Amino acid sequence: MARNLLIKNGIIVTLGDENQVLYGQALLIQDGLIKKIAPQASFRGKYAKVIDAKGKVVLPGFINAHMHFYSTMVRGLGKAAPSKNFQEVLENLWWRLDKKLTLEDSYYSALLPLVDAIKHGTTTLIDHHASPFAAKGSLNKIAQAVKETGLRASLCYELSDRDGAKVAQDGIDENMAFIKRCAKDKDPQLKALFGLHASFTLKDATLERASAAGRESGAGFHVHTAEAQSDQDINISNFKLRVVQRLNKFGILGPKTIAAHCVHVDEDEMNLLRDTGTAVAHNPQSNMNNAVGVADIIKMSQKGVLVGLGTDAMTVNMLEEVRVALWAQHLSHDNPSVGFMEALSALMFNNAKIANRYWDPKVGVLKAGFAADLVLMDYWPPTPFDENTFLGHLGFGLAQSFVDTTICGGKVLMEGKRLKIGLDEAEVAAKSRELSEKLWARF
Ligand SMILES: [Zn+2]
């Protein structure tokens, strides 16, 4: 890593509370952090490396608040039976696939989406992993891929009772082992959450044990929440509680917890999410793909719930996801004038707030003292470009532009659209194809 790195001649978009668009300023990176943003003329020293960002916008790296690396190996698999609803999607595809994953599959299925994340300027990913019959050590395998690509990721293992008591115990053990590793290593690239599949696949006794272990560790939880109406139906019929109420009963909610989806939550559940400080990760492409509905992120935001944006493995391109988030609100509210701030802010402001509940140094804002996680995107603004117009440019212009350079923790991972991570992408892809062919044969 260059000890220091100066980025000059770009338009700097700070985001964060100050939310400024700066012209004529340069950004100095030192020891993995943003050291200073100041008028260009004030930088007269010698720098180990200088990047000329002329014709480019300099932004914080994007953050993905809900991801599944392991989904990579399903791409092109045509063997799953057609599904009539979400429950069948799980049974016909995901729960057949994840049972067959090996540790090596977990590692390789993470590498390529991580490389893709670099290409799309995503520098922090919050993942949720499942490999029920190869759970032990799976998070370390994914962590190895994260380390090799230079990005940041929060990892967890999705505990569930759907494969019996032994597998459930493995799930608790894997979460706790990785939480302990992260607490010990204090690696700024890696964070841990306690993963839970979803309320409807967890018995009371398992939730009780997970809650006790997770809460004692101080890690929050990452759980699929009311993704489909069936999650509510099963919880109401089996446990006489709605999903969010049941999670609350077991102490799963809180400021360090991420409730993914929340498509089918009622107003009382939204209030509970807000009152406990629980973050919501909205995944519109996945929700529409699974035909489960569209989460009401407008109402949740109005109530004060912190709503971020994830992709649920549909993509690692956050700019694609944010556009879909906007169209989805227009359609679901039958109103083309609503949801803009809620959708765009979920990605550009709220994901940083969520990530900064875990990361230190903090990410997602270009400000002295923050992590030097940033992207340079090709963009010549065709209309006035400032704090007031930035989100419009993001959704309708930058989202169609190219990421030129991606930097994470001060390390240049891609420059001039060329990867700099010393990883042979072709070789990794060939190995991934070889492993997925074997996986498909076992499916
Ligand atoms: Zn998910």
# chains A, B, ... in the order shown; residues from 1 in each chain; ligands from 1
>>> select_by_dssp(residues="region 340-386 of chain A", states="helix (DSSP H, G or I)", output="list in words")
Phe340, Met341, Glu342, Ala343, Leu344, Ser345, Ala346, Leu347, Met348, Phe349, Asn350, Asn351, Ala352, Lys353, Ile354 and Ala355 of chain A
>>> residues_near_ligand(ligand="ligand 1", cutoff="8 Å", atoms="only C-alpha atoms and all ligand atoms", output="PyMOL selection string")
chain A and resi 66-68+128+224+260-261+312-313
>>> residues_around(residues="Ala65 (chain A)", least_positions_apart="4", cutoff="7 Å", atoms="only C-alpha atoms", output="list in words")
Leu125, Ile126, Ala281, Gly308, Leu309, Gly310 and Asn351 of chain A
>>> closest_residue(among="A:Asp98, A:Asp163, A:Asp404, A:Asp386", to="Ile51 (chain A)", atoms="only C-alpha atoms")
A:Asp404
>>> select_by_dssp(residues="region 229-332 of chain A", states="strand (DSSP E)", output="ChimeraX atom specification")
/A:258-261,279-282,306-309
>>> residues_around(residues="region 179-189 of chain A", least_positions_apart="4", cutoff="9 Å", atoms="only C-alpha atoms", output="list in words")
Thr124, Ala143, Val146, Lys147, Gly150, Leu151, Arg152, Ala153, Ser154, Leu155, Cys156, Glu174, Asn175, Leu193, Phe194, Gly214, Ser217, Ala219, Trp359, Asp360, Pro361 and Gly409 of chain A
>>> closest_residue(among="A:Ser432, A:Asn4, A:Thr383, A:Ser237", to="Lys36 (chain A)", atoms="only C-alpha atoms")
A:Asn4
>>> residues_around(residues="Ser160 (chain A)", least_positions_apart="4", cutoff="8 Å", atoms="only C-alpha atoms", output="ChimeraX atom specification")
/A:167-168,171,196-198,201-202
>>> residues_around(residues="region 387-391 of chain A", least_positions_apart="3", cutoff="10 Å", atoms="only C-alpha atoms", output="PyMOL selection string")
chain A and resi 13-15+18-22+340-341+344-345+348+381+383-384+394-398
>>> atom_distance(atom1="CA of Ala134 (chain A)", atom2="CA of Lys99 (chain A)")
8.0 Å
>>> residues_around(residues="region 246-255 of chain A", least_positions_apart="2", cutoff="8 Å", atoms="only C-alpha atoms", output="PDB file with N, CA and C atoms, in the first residue's frame")
ATOM      1  N   SER A 199     -37.537 -16.419  11.435  1.00  0.00           N
ATOM      2  CA  SER A 199     -38.339 -16.851  12.584  1.00  0.00           C
ATOM      3  C   SER A 199     -39.085 -18.159  12.291  1.00  0.00           C
ATOM      4  N   LEU A 207     -34.190 -20.486  19.281  1.00  0.00           N
ATOM      5  CA  LEU A 207     -34.112 -19.020  19.354  1.00  0.00           C
ATOM      6  C   LEU A 207     -33.585 -18.577  20.721  1.00  0.00           C
ATOM      7  N   GLU A 208     -34.055 -19.278  21.738  1.00  0.00           N
ATOM      8  CA  GLU A 208     -33.618 -18.972  23.120  1.00  0.00           C
ATOM      9  C   GLU A 208     -32.101 -19.124  23.245  1.00  0.00           C
ATOM     10  N   SER A 211     -30.249 -16.546  21.084  1.00  0.00           N
ATOM     11  CA  SER A 211     -30.348 -15.231  21.693  1.00  0.00           C
ATOM     12  C   SER A 211     -29.361 -15.099  22.852  1.00  0.00           C
ATOM     13  N   GLY A 220     -24.718  -8.206  17.084  1.00  0.00           N
ATOM     14  CA  GLY A 220     -26.134  -8.144  16.755  1.00  0.00           C
ATOM     15  C   GLY A 220     -26.524  -9.358  15.935  1.00  0.00           C
ATOM     16  N   PHE A 221     -27.761  -9.386  15.494  1.00  0.00           N
ATOM     17  CA  PHE A 221     -28.270 -10.508  14.693  1.00  0.00           C
ATOM     18  C   PHE A 221     -28.583 -10.026  13.267  1.00  0.00           C
ATOM     19  N   ASN A 235     -45.772 -18.133  11.745  1.00  0.00           N
ATOM     20  CA  ASN A 235     -45.539 -17.636  13.111  1.00  0.00           C
ATOM     21  C   ASN A 235     -46.843 -17.457  13.884  1.00  0.00           C
ATOM     22  N   PHE A 239     -46.952 -19.991  16.729  1.00  0.00           N
ATOM     23  CA  PHE A 239     -46.434 -19.334  17.949  1.00  0.00           C
ATOM     24  C   PHE A 239     -47.351 -18.225  18.467  1.00  0.00           C
ATOM     25  N   LEU A 241     -47.781 -15.337  17.495  1.00  0.00           N
ATOM     26  CA  LEU A 241     -47.140 -14.018  17.468  1.00  0.00           C
ATOM     27  C   LEU A 241     -46.805 -13.659  16.030  1.00  0.00           C
ATOM     28  N   ARG A 242     -46.822 -12.363  15.749  1.00  0.00           N
ATOM     29  CA  ARG A 242     -46.313 -11.922  14.452  1.00  0.00           C
ATOM     30  C   ARG A 242     -44.781 -11.982  14.485  1.00  0.00           C
ATOM     31  N   VAL A 243     -44.166 -11.947  13.309  1.00  0.00           N
ATOM     32  CA  VAL A 243     -42.725 -12.220  13.195  1.00  0.00           C
ATOM     33  C   VAL A 243     -41.879 -11.274  14.062  1.00  0.00           C
ATOM     34  N   VAL A 244     -42.114  -9.981  13.907  1.00  0.00           N
ATOM     35  CA  VAL A 244     -41.260  -9.017  14.624  1.00  0.00           C
ATOM     36  C   VAL A 244     -41.502  -9.112  16.126  1.00  0.00           C
ATOM     37  N   THR A 257     -28.829  -5.118  15.214  1.00  0.00           N
ATOM     38  CA  THR A 257     -29.496  -6.174  14.442  1.00  0.00           C
ATOM     39  C   THR A 257     -30.012  -5.647  13.106  1.00  0.00           C
ATOM     40  N   LEU A 272     -42.124  -1.300  16.529  1.00  0.00           N
ATOM     41  CA  LEU A 272     -41.212  -2.117  17.333  1.00  0.00           C
ATOM     42  C   LEU A 272     -39.786  -2.074  16.763  1.00  0.00           C
ATOM     43  N   LEU A 273     -39.680  -2.111  15.433  1.00  0.00           N
ATOM     44  CA  LEU A 273     -38.360  -2.006  14.793  1.00  0.00           C
ATOM     45  C   LEU A 273     -37.735  -0.655  15.143  1.00  0.00           C
ATOM     46  N   THR A 276     -36.767  -0.332  18.971  1.00  0.00           N
ATOM     47  CA  THR A 276     -35.598  -1.126  19.369  1.00  0.00           C
ATOM     48  C   THR A 276     -34.341  -0.678  18.615  1.00  0.00           C
ATOM     49  N   GLY A 277     -34.491   0.248  17.662  1.00  0.00           N
ATOM     50  CA  GLY A 277     -33.331   0.718  16.898  1.00  0.00           C
ATOM     51  C   GLY A 277     -32.859  -0.272  15.850  1.00  0.00           C
ATOM     52  N   THR A 278     -33.675  -1.291  15.566  1.00  0.00           N
ATOM     53  CA  THR A 278     -33.291  -2.318  14.587  1.00  0.00           C
ATOM     54  C   THR A 278     -33.235  -1.722  13.167  1.00  0.00           C
ATOM     55  N   ALA A 279     -32.190  -2.084  12.422  1.00  0.00           N
ATOM     56  CA  ALA A 279     -32.081  -1.614  11.043  1.00  0.00           C
ATOM     57  C   ALA A 279     -32.810  -2.588  10.117  1.00  0.00           C
ATOM     58  N   ARG A 357     -22.403   1.029  12.692  1.00  0.00           N
ATOM     59  CA  ARG A 357     -22.733   0.403  13.968  1.00  0.00           C
ATOM     60  C   ARG A 357     -21.729  -0.713  14.283  1.00  0.00           C
TER      61      ARG A 357
END
>>> atom_distance(atom1="CA of Val305 (chain A)", atom2="CA of Gln232 (chain A)")
19.8 Å
